[in-house]
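Next comes run.tsv, with TSV, C-alpha atoms.
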```
chain	number	residue	atom	x	y	z
A	5	MET	CA	0.00	0.00	0.00
A	6	PRO	CA	1.62	3.35	-0.97
A	7	ALA	CA	1.20	4.89	2.49
A	8	GLU	CA	3.71	6.07	5.07
A	9	GLN	CA	4.56	3.79	7.97
A	10	ILE	CA	2.31	3.86	11.01
A	11	GLN	CA	4.18	3.38	14.30
A	12	GLY	CA	7.06	1.84	12.35
A	13	LYS	CA	4.81	-0.62	10.52
A	14	SER	CA	4.06	-0.65	6.80
A	15	PRO	CA	0.34	-0.76	6.04
A	16	VAL	CA	-0.50	-3.78	3.88
A	17	LEU	CA	-3.86	-4.49	2.25
A	18	LEU	CA	-5.12	-8.06	2.49
A	19	LEU	CA	-7.44	-9.30	-0.23
A	20	THR	CA	-8.48	-12.90	-0.90
A	21	ALA	CA	-7.24	-14.21	-4.23
A	22	SER	CA	-10.80	-15.08	-5.28
A	23	GLN	CA	-11.77	-11.42	-4.90
A	24	ILE	CA	-9.31	-10.32	-7.56
A	25	ASP	CA	-10.37	-10.42	-11.19
A	26	GLU	CA	-7.36	-8.75	-12.76
A	27	VAL	CA	-4.32	-6.62	-12.02
A	28	LEU	CA	-3.81	-3.81	-14.51
A	29	ALA	CA	-0.61	-1.87	-15.10
A	30	ASP	CA	-2.53	1.19	-16.26
A	31	VAL	CA	-6.07	2.41	-16.70
A	32	GLU	CA	-7.63	5.30	-18.54
A	33	ILE	CA	-9.25	7.38	-15.83
A	34	GLN	CA	-12.39	9.31	-16.65
A	35	MET	CA	-12.83	12.10	-14.10
A	36	LEU	CA	-16.16	12.19	-12.27
A	37	PRO	CA	-17.61	15.55	-11.18
A	38	PHE	CA	-18.31	16.18	-7.46
A	39	ALA	CA	-16.27	13.13	-6.46
A	40	ALA	CA	-14.41	12.98	-3.15
A	41	GLU	CA	-10.62	12.92	-3.28
A	42	TYR	CA	-10.42	9.16	-2.83
A	43	LEU	CA	-12.66	8.48	-5.84
A	44	LEU	CA	-10.15	8.99	-8.64
A	45	GLY	CA	-12.72	8.54	-11.38
A	46	LEU	CA	-14.17	5.79	-13.54
A	47	CYS	CA	-12.71	3.33	-16.00
A	48	ALA	CA	-14.11	0.94	-18.55
A	49	TRP	CA	-13.31	-2.71	-17.89
A	50	ARG	CA	-14.78	-5.41	-20.13
A	51	GLU	CA	-17.63	-3.07	-21.13
A	52	ASN	CA	-18.37	-2.34	-17.45
A	53	VAL	CA	-18.07	1.05	-15.78
A	54	LEU	CA	-16.01	0.71	-12.58
A	55	PRO	CA	-15.07	3.27	-9.92
A	56	ILE	CA	-11.36	3.71	-9.17
A	57	ILE	CA	-10.64	4.08	-5.46
A	58	ASP	CA	-7.48	5.22	-3.72
A	59	LEU	CA	-7.64	3.47	-0.34
A	60	VAL	CA	-4.73	5.46	1.11
A	61	SER	CA	-6.79	8.59	0.67
A	62	PHE	CA	-10.00	6.83	1.72
A	63	PHE	CA	-8.53	5.75	5.04
A	64	GLY	CA	-7.03	9.20	5.59
A	65	MET	CA	-3.47	7.89	5.58
A	66	ILE	CA	-0.45	9.84	4.38
A	67	PRO	CA	0.80	8.71	0.98
A	68	THR	CA	4.45	7.76	0.82
A	69	GLN	CA	6.84	10.32	-0.62
A	70	LYS	CA	8.71	7.59	-2.48
A	71	LYS	CA	7.76	7.40	-6.12
A	72	GLU	CA	6.21	4.00	-6.66
A	73	ASP	CA	4.59	2.59	-9.73
A	74	ALA	CA	0.90	2.12	-9.23
A	75	ARG	CA	-1.13	-0.94	-10.12
A	76	TYR	CA	-4.87	-1.13	-10.50
A	77	VAL	CA	-6.55	-4.18	-9.01
A	78	VAL	CA	-10.05	-5.11	-10.18
A	79	VAL	CA	-11.79	-6.56	-7.14
A	80	ARG	CA	-15.27	-7.89	-6.61
A	81	THR	CA	-17.56	-8.29	-3.66
A	82	VAL	CA	-21.16	-9.20	-2.89
A	83	ASP	CA	-23.58	-6.32	-2.53
A	84	LYS	CA	-24.77	-6.43	1.07
A	85	ASN	CA	-27.59	-4.00	0.42
A	86	LYS	CA	-29.45	-6.46	-1.82
A	87	LYS	CA	-30.88	-9.07	0.50
A	88	ASP	CA	-32.92	-11.07	-2.03
A	89	VAL	CA	-30.52	-11.18	-4.95
A	90	ARG	CA	-26.80	-11.96	-4.89
A	91	MET	CA	-25.39	-8.99	-6.74
A	92	ILE	CA	-21.72	-8.73	-7.57
A	93	LEU	CA	-20.12	-5.32	-7.21
A	94	ARG	CA	-16.77	-4.48	-8.72
A	95	CYS	CA	-14.30	-1.66	-8.32
A	96	VAL	CA	-10.70	-0.86	-9.10
A	97	LEU	CA	-8.27	-0.23	-6.24
A	98	LYS	CA	-5.17	1.84	-6.84
A	99	VAL	CA	-2.32	0.10	-5.01
A	100	SER	CA	1.48	0.03	-5.10
A	101	ASP	CA	3.26	-2.35	-7.48
A	102	HIS	CA	4.45	-4.41	-4.52
A	103	ILE	CA	1.91	-7.22	-4.76
A	104	ILE	CA	2.56	-10.57	-3.07
A	105	SER	CA	0.50	-13.72	-3.52
A	106	GLY	CA	0.65	-16.19	-0.67
A	107	GLU	CA	-0.99	-17.82	2.33
A	108	SER	CA	-2.69	-15.53	4.82
A	109	PRO	CA	-0.28	-14.55	7.61
A	110	THR	CA	-0.75	-16.45	10.85
A	111	ASP	CA	1.96	-14.98	13.07
A	112	CYS	CA	0.05	-11.80	13.75
A	113	LYS	CA	-2.45	-10.50	16.29
A	114	ALA	CA	-5.73	-8.64	15.93
A	115	VAL	CA	-5.61	-5.00	16.99
A	116	LEU	CA	-7.98	-2.05	17.32
A	117	PRO	CA	-7.45	1.09	15.18
A	118	LYS	CA	-6.25	3.05	18.22
A	119	GLN	CA	-3.76	0.34	19.19
A	120	ALA	CA	-2.48	0.32	15.61
A	121	GLY	CA	-1.84	4.06	15.82
A	122	LEU	CA	-4.30	4.91	13.07
A	123	GLN	CA	-5.61	8.45	12.83
A	124	ALA	CA	-8.75	9.42	14.71
A	125	GLY	CA	-10.38	9.83	11.31
A	126	PHE	CA	-9.90	6.15	10.45
A	127	ALA	CA	-13.37	4.60	10.23
A	128	PRO	CA	-13.47	1.01	11.57
A	129	ILE	CA	-16.77	0.31	9.76
A	130	PHE	CA	-14.87	0.12	6.49
A	131	VAL	CA	-12.53	-2.66	7.61
A	132	ARG	CA	-13.20	-6.30	8.41
A	133	GLY	CA	-10.10	-6.62	10.53
A	134	LEU	CA	-6.74	-5.17	11.51
A	135	PHE	CA	-3.77	-7.38	12.32
A	136	GLN	CA	-0.20	-6.57	13.06
A	137	ARG	CA	3.13	-8.26	13.30
A	138	GLU	CA	6.63	-6.90	13.77
A	139	LYS	CA	6.92	-4.80	10.62
A	140	GLU	CA	3.47	-4.82	9.05
A	141	LEU	CA	-0.04	-3.65	9.76
A	142	PHE	CA	-2.50	-5.76	7.77
A	143	ILE	CA	-5.77	-4.12	6.77
A	144	LEU	CA	-8.71	-6.15	5.50
A	145	PRO	CA	-10.86	-3.60	3.70
A	146	ASP	CA	-14.62	-4.08	3.56
A	147	ILE	CA	-15.05	-3.34	-0.14
A	148	ALA	CA	-18.88	-3.50	-0.04
A	149	ALA	CA	-19.03	-0.98	2.81
A	150	ILE	CA	-16.56	1.28	1.02
A	151	LEU	CA	-18.61	1.16	-2.17
A	152	HIS	CA	-21.76	2.08	-0.27
A	153	SER	CA	-20.13	5.01	1.49
A	154	ASN	CA	-21.33	8.34	0.23
A	155	SER	CA	-18.55	9.89	-1.81
A	156	THR	CA	-19.80	13.50	-1.68
B	27	MET	CA	-28.31	4.20	-31.66
B	28	LYS	CA	-28.22	7.64	-30.07
B	29	LYS	CA	-26.46	10.60	-31.61
B	30	VAL	CA	-24.42	12.28	-28.90
B	31	CYS	CA	-22.32	15.43	-28.83
B	32	LEU	CA	-19.13	15.00	-26.78
B	33	VAL	CA	-18.19	18.17	-24.94
B	34	LYS	CA	-15.42	19.23	-22.57
B	35	GLY	CA	-15.78	21.42	-19.50
B	36	GLY	CA	-12.61	21.78	-17.40
B	37	ASN	CA	-11.29	18.29	-16.66
B	38	PHE	CA	-14.56	16.60	-17.51
B	39	VAL	CA	-15.81	15.08	-20.74
B	40	LEU	CA	-19.49	14.29	-21.16
B	41	GLY	CA	-22.12	13.58	-23.75
B	42	ILE	CA	-25.28	15.49	-24.58
B	43	GLU	CA	-27.88	13.85	-26.79
B	44	ASP	CA	-28.14	15.74	-30.05
B	45	CYS	CA	-31.92	16.02	-29.78
B	46	TYR	CA	-31.57	18.43	-26.82
B	47	ILE	CA	-29.22	20.85	-28.59
B	48	LEU	CA	-31.12	23.55	-30.46
B	49	SER	CA	-28.12	25.56	-31.63
B	50	ARG	CA	-24.37	26.12	-31.25
B	51	GLN	CA	-22.65	29.48	-31.23
B	52	ASN	CA	-18.93	30.03	-31.10
B	53	GLY	CA	-17.63	32.76	-28.82
B	54	THR	CA	-20.52	35.15	-28.33
B	55	LEU	CA	-24.26	35.43	-27.94
B	56	ALA	CA	-26.29	38.14	-29.61
B	57	PRO	CA	-27.01	40.99	-27.12
B	58	GLU	CA	-30.78	40.54	-27.64
B	59	THR	CA	-30.45	36.87	-26.58
B	60	VAL	CA	-28.63	37.89	-23.40
B	61	LYS	CA	-31.36	40.44	-22.62
B	62	LYS	CA	-33.97	37.67	-22.58
B	63	LYS	CA	-32.62	36.64	-19.17
B	64	ILE	CA	-32.27	32.97	-20.01
B	65	ASN	CA	-29.93	31.16	-17.62
B	66	ILE	CA	-26.42	30.74	-18.98
B	67	PHE	CA	-24.39	28.01	-17.31
B	68	HIS	CA	-20.65	27.55	-17.52
B	69	LEU	CA	-20.13	23.78	-17.57
B	70	SER	CA	-16.63	23.76	-16.10
B	71	SER	CA	-17.61	26.00	-13.17
B	72	LEU	CA	-20.80	24.07	-12.50
B	73	LEU	CA	-19.02	20.71	-12.36
B	74	SER	CA	-16.26	22.12	-10.15
B	75	CYS	CA	-18.79	23.92	-7.86
B	76	LYS	CA	-17.19	27.29	-8.54
B	77	HIS	CA	-18.24	30.76	-9.53
B	78	CYS	CA	-17.29	31.44	-13.11
B	79	ASP	CA	-14.28	33.77	-13.29
B	80	ARG	CA	-13.77	34.09	-16.99
B	81	PRO	CA	-14.63	31.66	-19.76
B	82	GLU	CA	-11.87	30.17	-21.88
B	83	PRO	CA	-11.36	31.76	-25.29
B	84	GLY	CA	-12.85	29.56	-27.98
B	85	SER	CA	-15.71	28.36	-25.76
B	86	VAL	CA	-18.96	27.32	-27.41
B	87	PHE	CA	-22.51	28.24	-26.38
B	88	LEU	CA	-24.99	25.40	-26.71
B	89	GLN	CA	-28.68	26.27	-26.60
B	90	ILE	CA	-30.30	23.41	-24.73
B	91	LYS	CA	-33.96	22.53	-24.29
B	92	LYS	CA	-35.53	19.58	-22.53
B	93	GLY	CA	-39.20	19.85	-21.60
B	94	LYS	CA	-39.73	23.15	-19.81
B	95	SER	CA	-36.04	23.50	-19.09
B	96	SER	CA	-34.31	25.87	-21.48
B	97	PHE	CA	-30.88	27.48	-21.08
B	98	PHE	CA	-27.50	28.12	-22.63
B	99	LEU	CA	-24.54	25.96	-21.68
B	100	LEU	CA	-21.04	27.30	-22.27
B	101	VAL	CA	-18.59	24.46	-22.87
B	102	ASP	CA	-14.82	24.73	-23.32
B	103	GLN	CA	-14.84	22.60	-26.42
B	104	VAL	CA	-17.09	20.48	-28.60
B	105	ILE	CA	-14.93	17.40	-29.13
B	106	ASP	CA	-16.89	15.21	-31.47
B	107	GLU	CA	-20.22	13.76	-32.44
B	108	ILE	CA	-20.56	10.05	-31.91
B	109	GLU	CA	-23.23	7.39	-32.10
B	110	LEU	CA	-23.79	5.45	-28.91
B	111	PRO	CA	-25.46	2.07	-28.49
B	112	ALA	CA	-28.94	2.35	-26.98
B	113	GLU	CA	-27.80	0.16	-24.08
B	114	THR	CA	-26.80	2.26	-21.10
B	115	THR	CA	-26.03	1.66	-17.45
B	116	ARG	CA	-26.04	3.70	-14.24
B	117	LEU	CA	-23.11	5.27	-12.43
B	118	PRO	CA	-21.59	2.70	-10.06
B	119	PRO	CA	-21.38	3.26	-6.30
B	120	PRO	CA	-19.85	5.24	-4.59
B	121	SER	CA	-20.60	7.92	-7.18
B	122	PRO	CA	-21.68	11.22	-5.61
B	123	GLU	CA	-25.39	12.06	-5.58
B	124	PHE	CA	-25.04	15.17	-7.73
B	125	ALA	CA	-23.21	13.16	-10.38
B	126	GLN	CA	-25.92	10.50	-10.32
B	127	GLN	CA	-28.54	13.19	-10.71
B	128	LEU	CA	-26.81	14.96	-13.61
B	129	PHE	CA	-25.72	11.77	-15.33
B	130	PRO	CA	-28.43	9.14	-14.77
B	131	LYS	CA	-27.13	7.16	-17.74
B	132	VAL	CA	-23.63	6.10	-18.70
B	133	ALA	CA	-22.53	4.31	-21.84
B	134	VAL	CA	-19.35	2.55	-22.85
B	135	CYS	CA	-18.28	2.99	-26.44
B	136	MET	CA	-14.98	1.58	-27.72
B	137	ASN	CA	-13.62	1.51	-24.14
B	138	LEU	CA	-14.59	5.16	-23.65
B	139	ILE	CA	-16.99	6.05	-20.85
B	140	VAL	CA	-19.59	8.61	-21.85
B	141	LEU	CA	-21.47	10.32	-19.02
B	142	LEU	CA	-24.82	11.25	-20.54
B	143	LEU	CA	-26.02	14.60	-19.25
B	144	ASP	CA	-29.69	14.96	-18.37
B	145	PRO	CA	-30.28	18.62	-19.31
B	146	GLY	CA	-33.43	18.66	-17.18
B	147	GLN	CA	-31.26	18.30	-14.06
B	148	ILE	CA	-28.89	21.23	-14.67
B	149	ILE	CA	-31.11	23.88	-13.06
B	150	PRO	CA	-32.14	21.79	-10.00
B	151	VAL	CA	-28.54	20.72	-9.34
B	152	ALA	CA	-27.18	24.27	-9.78
B	153	LYS	CA	-29.80	25.52	-7.28
B	154	LYS	CA	-28.71	22.91	-4.74
B	155	LEU	CA	-25.03	23.74	-5.21
B	156	GLY	CA	-25.54	27.31	-4.10
B	157	PRO	CA	-26.29	30.80	-5.36
B	158	LYS	CA	-24.58	31.73	-8.62
B	159	ILE	CA	-22.59	28.47	-8.77
B	160	GLY	CA	-22.01	27.63	-12.42
B	161	LEU	CA	-23.89	30.67	-13.65
B	162	LEU	CA	-22.18	32.88	-16.19
B	163	SER	CA	-22.53	36.61	-15.93
B	164	PRO	CA	-24.19	38.02	-19.11
B	165	LYS	CA	-21.29	40.48	-19.50
B	166	TYR	CA	-19.00	37.59	-20.50
B	167	CYS	CA	-21.43	36.24	-23.07
B	168	VAL	CA	-20.73	39.08	-25.46
B	169	GLN	CA	-17.05	39.36	-24.58
B	170	VAL	CA	-15.70	35.86	-25.00
B	171	GLN	CA	-14.69	36.49	-28.62
B	172	VAL	CA	-12.81	39.70	-27.86
B	173	HIS	CA	-11.16	38.11	-24.84
B	174	LYS	CA	-8.02	37.25	-26.81
B	175	GLU	CA	-7.41	40.86	-27.84
B	176	THR	CA	-7.98	42.21	-24.34
B	177	ASN	CA	-6.14	39.38	-22.64
B	178	LYS	CA	-3.11	41.44	-21.63
B	179	GLN	CA	-5.23	44.19	-20.17
B	180	ALA	CA	-7.42	41.70	-18.35
B	181	ASN	CA	-4.42	39.96	-16.87
B	182	LYS	CA	-3.16	43.29	-15.52
B	183	GLN	CA	-6.52	43.85	-13.86
B	184	VAL	CA	-6.53	40.37	-12.40
B	185	LEU	CA	-3.06	40.86	-10.98
B	186	SER	CA	-4.00	44.10	-9.31
B	187	VAL	CA	-7.04	42.67	-7.54
B	188	ALA	CA	-5.84	39.13	-6.80
B	189	PRO	CA	-5.05	38.52	-3.13
B	190	ALA	CA	-1.35	38.00	-2.51
B	191	ALA	CA	-0.49	34.40	-1.80
B	192	THR	CA	1.91	33.82	1.07
B	193	MET	CA	4.77	31.36	0.99
B	194	THR	CA	5.43	28.92	3.77
B	195	GLU	CA	8.85	27.81	4.99
B	196	ASN	CA	8.68	24.85	2.62
B	197	GLY	CA	8.18	27.19	-0.29
B	198	LYS	CA	4.62	25.97	-0.72
B	199	LYS	CA	1.79	28.37	-1.30
B	200	ALA	CA	-0.39	29.04	1.70
B	201	LYS	CA	-3.96	30.32	1.61
B	202	PRO	CA	-4.32	33.82	0.21
B	203	VAL	CA	-4.30	36.66	2.72
B	204	ALA	CA	-7.84	37.68	1.82
B	205	VAL	CA	-9.14	34.24	2.78
B	206	ARG	CA	-7.37	34.42	6.15
B	207	LYS	CA	-8.85	37.82	6.91
B	208	LYS	CA	-12.30	36.49	6.18
B	209	ILE	CA	-11.80	33.65	8.63
B	210	LYS	CA	-10.56	35.95	11.38
B	211	LYS	CA	-13.51	38.27	11.01
B	212	ASP	CA	-16.01	35.46	11.44
B	213	LYS	CA	-16.59	35.53	15.18
B	214	LYS	CA	-19.84	33.58	15.09
B	215	ARG	CA	-19.64	30.47	17.28
B	216	PRO	CA	-20.77	27.27	15.58
B	217	LYS	CA	-22.79	24.48	17.14
B	218	SER	CA	-20.59	22.27	19.33
B	219	VAL	CA	-18.63	19.41	17.80
B	220	ASP	CA	-18.02	16.17	19.68
B	221	GLU	CA	-14.48	15.13	20.61
B	222	GLU	CA	-14.29	12.22	18.16
B	223	THR	CA	-15.29	14.42	15.22
B	224	PHE	CA	-12.95	17.18	16.33
B	225	LYS	CA	-9.99	14.78	16.52
B	226	GLY	CA	-10.83	13.26	13.15
B	227	VAL	CA	-11.19	16.60	11.38
B	228	MET	CA	-8.01	17.89	13.03
B	229	ALA	CA	-5.97	14.82	12.04
B	230	TRP	CA	-7.21	15.06	8.44
B	231	THR	CA	-6.54	18.80	8.15
B	232	ILE	CA	-3.01	18.43	9.52
B	233	ALA	CA	-2.37	15.52	7.15
B	234	GLN	CA	-3.54	17.67	4.22
B	235	PHE	CA	-1.11	20.39	5.34
B	236	LYS	CA	1.77	17.93	5.60
B	237	GLN	CA	1.12	16.92	2.02
B	238	GLY	CA	1.07	20.55	0.89
B	239	LYS	CA	-2.65	20.35	0.05
B	240	VAL	CA	-3.59	23.81	1.22
B	241	SER	CA	-5.87	25.18	-1.48
B	242	GLU	CA	-9.47	26.06	-0.66
B	243	GLU	CA	-10.67	23.07	-2.66
B	244	GLN	CA	-8.23	20.66	-1.01
B	245	LEU	CA	-9.31	21.84	2.44
B	246	SER	CA	-13.01	21.64	1.67
B	247	ALA	CA	-15.31	19.78	4.07
B	248	LYS	CA	-16.59	17.85	1.07
B	249	ARG	CA	-13.19	16.17	0.73
B	250	LEU	CA	-13.24	14.61	4.20
B	251	PRO	CA	-12.96	10.82	3.99
B	252	PRO	CA	-16.18	9.05	4.97
B	253	GLY	CA	-16.50	8.11	8.59
B	254	VAL	CA	-14.56	11.08	9.94
B	255	VAL	CA	-17.76	12.90	10.83
B	256	GLN	CA	-20.04	10.50	12.65
B	257	GLN	CA	-21.90	13.16	14.63
B	258	GLU	CA	-25.43	13.55	13.37
B	259	GLU	CA	-26.99	16.79	12.10
B	260	LEU	CA	-23.67	18.54	11.82
B	261	SER	CA	-23.81	20.90	8.88
B	262	ASP	CA	-21.06	21.32	6.29
B	263	THR	CA	-20.77	24.97	7.37
B	264	VAL	CA	-19.79	23.98	10.91
B	265	ILE	CA	-17.28	21.37	9.68
B	266	GLN	CA	-15.82	23.88	7.20
B	267	TYR	CA	-15.51	26.43	10.02
B	268	LEU	CA	-13.58	23.88	12.05
B	269	ILE	CA	-11.28	23.03	9.12
B	270	ASP	CA	-10.66	26.74	8.47
B	271	GLN	CA	-9.77	27.37	12.10
B	272	ILE	CA	-7.38	24.39	12.23
B	273	SER	CA	-5.78	25.37	8.92
B	274	LEU	CA	-5.36	28.90	10.22
B	275	ARG	CA	-3.45	27.54	13.23
B	276	CYS	CA	-1.36	25.35	10.91
B	277	GLN	CA	-0.49	28.38	8.79
B	278	GLU	CA	0.43	30.40	11.86
B	279	SER	CA	2.66	27.64	13.14
B	280	ILE	CA	4.63	27.36	9.89
B	281	THR	CA	4.82	31.06	9.00
B	282	PRO	CA	7.90	32.61	10.63
B	283	HIS	CA	7.14	35.62	12.84
B	284	ARG	CA	8.65	38.91	11.81
B	285	PRO	CA	11.13	40.48	14.26
B	286	GLY	CA	9.29	42.59	16.79
B	287	GLU	CA	5.96	40.92	16.06
B	288	HIS	CA	4.02	39.82	19.17
B	289	HIS	CA	0.90	37.80	19.46
B	290	GLY	CA	-1.43	38.39	22.35
B	291	ARG	CA	-2.96	35.32	23.96
```
For this file, produce the structure as structure tokens.
Amino acid sequence: MPAEQIQGKSPVLLLTASQIDEVLADVEIQMLPFAAEYLLGLCAWRENVLPIIDLVSFFGMIPTQKKEDARYVVVRTVDKNKKDVRMILRCVLKVSDHIISGESPTDCKAVLPKQAGLQAGFAPIFVRGLFQREKELFILPDIAAILHSNST
Amino acid sequence: MKKVCLVKGGNFVLGIEDCYILSRQNGTLAPETVKKKINIFHLSSLLSCKHCDRPEPGSVFLQIKKGKSSFFLLVDQVIDEIELPAETTRLPPPSPEFAQQLFPKVAVCMNLIVLLLDPGQIIPVAKKLGPKIGLLSPKYCVQVQVHKETNKQANKQVLSVAPAATMTENGKKAKPVAVRKKIKKDKKRPKSVDEETFKGVMAWTIAQFKQGKVSEEQLSAKRLPPGVVQQEELSDTVIQYLIDQISLRCQESITPHRPGEHHGR
């Protein structure tokens, strides 16, 4: 995640492999009027219109000063707002190019946002869990909740 | 298939169905048209929630009519005319409400996203955005064409009235002096803000400052990440007041004091 360290730990996003449809090196961003800073715009992906979200900005973290190449991850989730029908929602997350595929980390412990040293503005309702180990702070974003947040 | 006119306003590109465009005029409107007191909207200013300063040279007036709604729309550029498939979709979440209202339909054509403007929503949205937002003063409607010739003179005028921007220690531009004065004069006390909200807004404002994001737009309450303000019935005005006060303190802390300058506490 292209964000500065928090209490000496690098923030890392955790996504399940089945959530990821594609990793793109670049996207053509169409700007969207009235959008909040974290909503970078829209892009066309396989004839679908998807929002592009910068989670560093969404979670109110400070982006790293180091110049990193961005990647755009197409992720999907189930729409929680539709109780009768199972609707798939998709979005594109702007992340750093440091992407690792592997087993979920086990040598870590669950923490609360305050314990992790996250800003007071960090909203726990948009995460499914926070875990930390020696050098990393793992964040499990709740993509459905993020997509249903009001971006104005 | 729908025939759509692709237009540009500021950083945004959108489509307007050809059937809603009655006429196009480059540069100026006839004085008798301006006298009719029809609303004239400046697309770029409307979509950026700003007052229109001065339209770009080469802008195009589009006369738009949908139902009872009739107005002129000044766009920076008419890019192209394209044919779109009849199949459209809606803006995906978390698109802002105003965008959903103005662009109820979106189409994808050759990997290009076209936001289809509903002309019937321009006036209601502009009213909600605030007085004069997006509206173009009639004086510019007959001056756009001569803008190029008078550009030098206009720039001189702009320079003489523009508030001086101050530089911080980092060499980054701080808020203009005029904006600061306005904040200081505003002695009205807002409704109280709970501690959680205060801490959240403060942390966000300081973070914006650290990143050099100090413009009015970058320090707007509308840019706060979701979840920062959990307190109910707290108006944007109160939150903006809080941000302005915190940013004022941030400015004061990074602006070196002049020798002999004292601040009373």
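Each of A:Leu144, A:Ser108, A:Ser100, A:Ala127 was checked against chain B using all atoms listed in the file; the smallest atom-to-atom distance is that of A:Ala127.
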Go through chain B and flag each residue having an atom no more than 7 Å from chain A; for those, report the closest pair of atoms plus their distance in Å to one decimal, using all atoms listed in the file, ordered by chain and rising number, as a Markdown table.
```
| residue | atom | partner | partner_atom | distance |
| --- | --- | --- | --- | --- |
| B:Asn37 | CA | A:Met35 | CA | 6.9 |
| B:Phe38 | CA | A:Met35 | CA | 5.9 |
| B:Leu73 | CA | A:Pro37 | CA | 5.5 |
| B:Ser74 | CA | A:Pro37 | CA | 6.8 |
| B:Pro118 | CA | A:Leu54 | CA | 6.4 |
| B:Pro119 | CA | A:Leu151 | CA | 5.4 |
| B:Pro120 | CA | A:Leu151 | CA | 4.9 |
| B:Ser121 | CA | A:Ser155 | CA | 6.1 |
| B:Pro122 | CA | A:Thr156 | CA | 4.9 |
| B:Glu123 | CA | A:Thr156 | CA | 7.0 |
| B:Phe124 | CA | A:Phe38 | CA | 6.8 |
| B:Ala125 | CA | A:Pro37 | CA | 6.1 |
| B:Val134 | CA | A:Glu51 | CA | 6.1 |
| B:Asn137 | CA | A:Ala48 | CA | 5.6 |
| B:Leu138 | CA | A:Ala48 | CA | 6.6 |
| B:Ile139 | CA | A:Ala48 | CA | 6.3 |
| B:Lys225 | CA | A:Ala124 | CA | 5.8 |
| B:Gly226 | CA | A:Gly125 | CA | 3.9 |
| B:Val227 | CA | A:Gly125 | CA | 6.8 |
| B:Ala229 | CA | A:Gln123 | CA | 6.4 |
| B:Trp230 | CA | A:Gly64 | CA | 6.5 |
| B:Ala233 | CA | A:Ile66 | CA | 6.6 |
| B:Lys248 | CA | A:Thr156 | CA | 6.1 |
| B:Arg249 | CA | A:Ala40 | CA | 5.2 |
| B:Pro251 | CA | A:Phe62 | CA | 5.5 |
| B:Pro252 | CA | A:Ser153 | CA | 6.6 |
| B:Gly253 | CA | A:Ala127 | CA | 5.0 |
| B:Val254 | CA | A:Gly125 | CA | 4.6 |
```
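Interatomic distance, CA of Ala74 (chain A) against CA of Asp146 (chain A): 21.0 Å.
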Taking 3 positions as the minimum chain separation for residues in the same chain, which residues sit within 12 Å of Ala114 (chain A) when counting only C-alpha atoms? Answer as a PDB file with C-alpha atoms, in the coordinates of the input.
```pdb
ATOM      1  CA  PRO A 109      -0.280 -14.550   7.610  1.00  0.00           C
ATOM      2  CA  THR A 110      -0.750 -16.450  10.850  1.00  0.00           C
ATOM      3  CA  ASP A 111       1.960 -14.980  13.070  1.00  0.00           C
ATOM      4  CA  PRO A 117      -7.450   1.090  15.180  1.00  0.00           C
ATOM      5  CA  LYS A 118      -6.250   3.050  18.220  1.00  0.00           C
ATOM      6  CA  GLN A 119      -3.760   0.340  19.190  1.00  0.00           C
ATOM      7  CA  ALA A 120      -2.480   0.320  15.610  1.00  0.00           C
ATOM      8  CA  ARG A 132     -13.200  -6.300   8.410  1.00  0.00           C
ATOM      9  CA  GLY A 133     -10.100  -6.620  10.530  1.00  0.00           C
ATOM     10  CA  LEU A 134      -6.740  -5.170  11.510  1.00  0.00           C
ATOM     11  CA  PHE A 135      -3.770  -7.380  12.320  1.00  0.00           C
ATOM     12  CA  GLN A 136      -0.200  -6.570  13.060  1.00  0.00           C
ATOM     13  CA  ARG A 137       3.130  -8.260  13.300  1.00  0.00           C
ATOM     14  CA  LEU A 141      -0.040  -3.650   9.760  1.00  0.00           C
ATOM     15  CA  PHE A 142      -2.500  -5.760   7.770  1.00  0.00           C
ATOM     16  CA  ILE A 143      -5.770  -4.120   6.770  1.00  0.00           C
ATOM     17  CA  LEU A 144      -8.710  -6.150   5.500  1.00  0.00           C
TER      18      LEU A 144
END
```
Which residue is closest to Ile90 (chain B)? Choose from B:Gln147, B:Gln256, B:Ser70, B:Thr114 and count all atoms listed in the file. B:Gln147
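Checking B:Met228, B:Gly84, B:Pro157, B:Glu222 one by one against Val255 (chain B), counting all atoms listed in the file, you find the shortest gap at B:Glu222.
CA of Ile265 (chain B) is positioned 9.0 Å from CA of Phe224 (chain B).
You will find CA of Ser273 (chain B) at 25.6 Å from CA of Cys78 (chain B).
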As lines of an AutoDock Vina configuration file, what would the box around region 114-119 of chain B look like: edges along x, y and z, 6 Å added on every side, centre and edge lengths in Å to one decimal?
```
center_x = -24.1
center_y = 3.5
center_z = -13.7
size_x = 17.4
size_y = 15.6
size_z = 26.8
```
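Using all atoms listed in the file, the smallest distance between any of B:Ser261, B:His77, B:Ala133, B:Pro150 and Ile108 (chain B) comes from B:Ala133.
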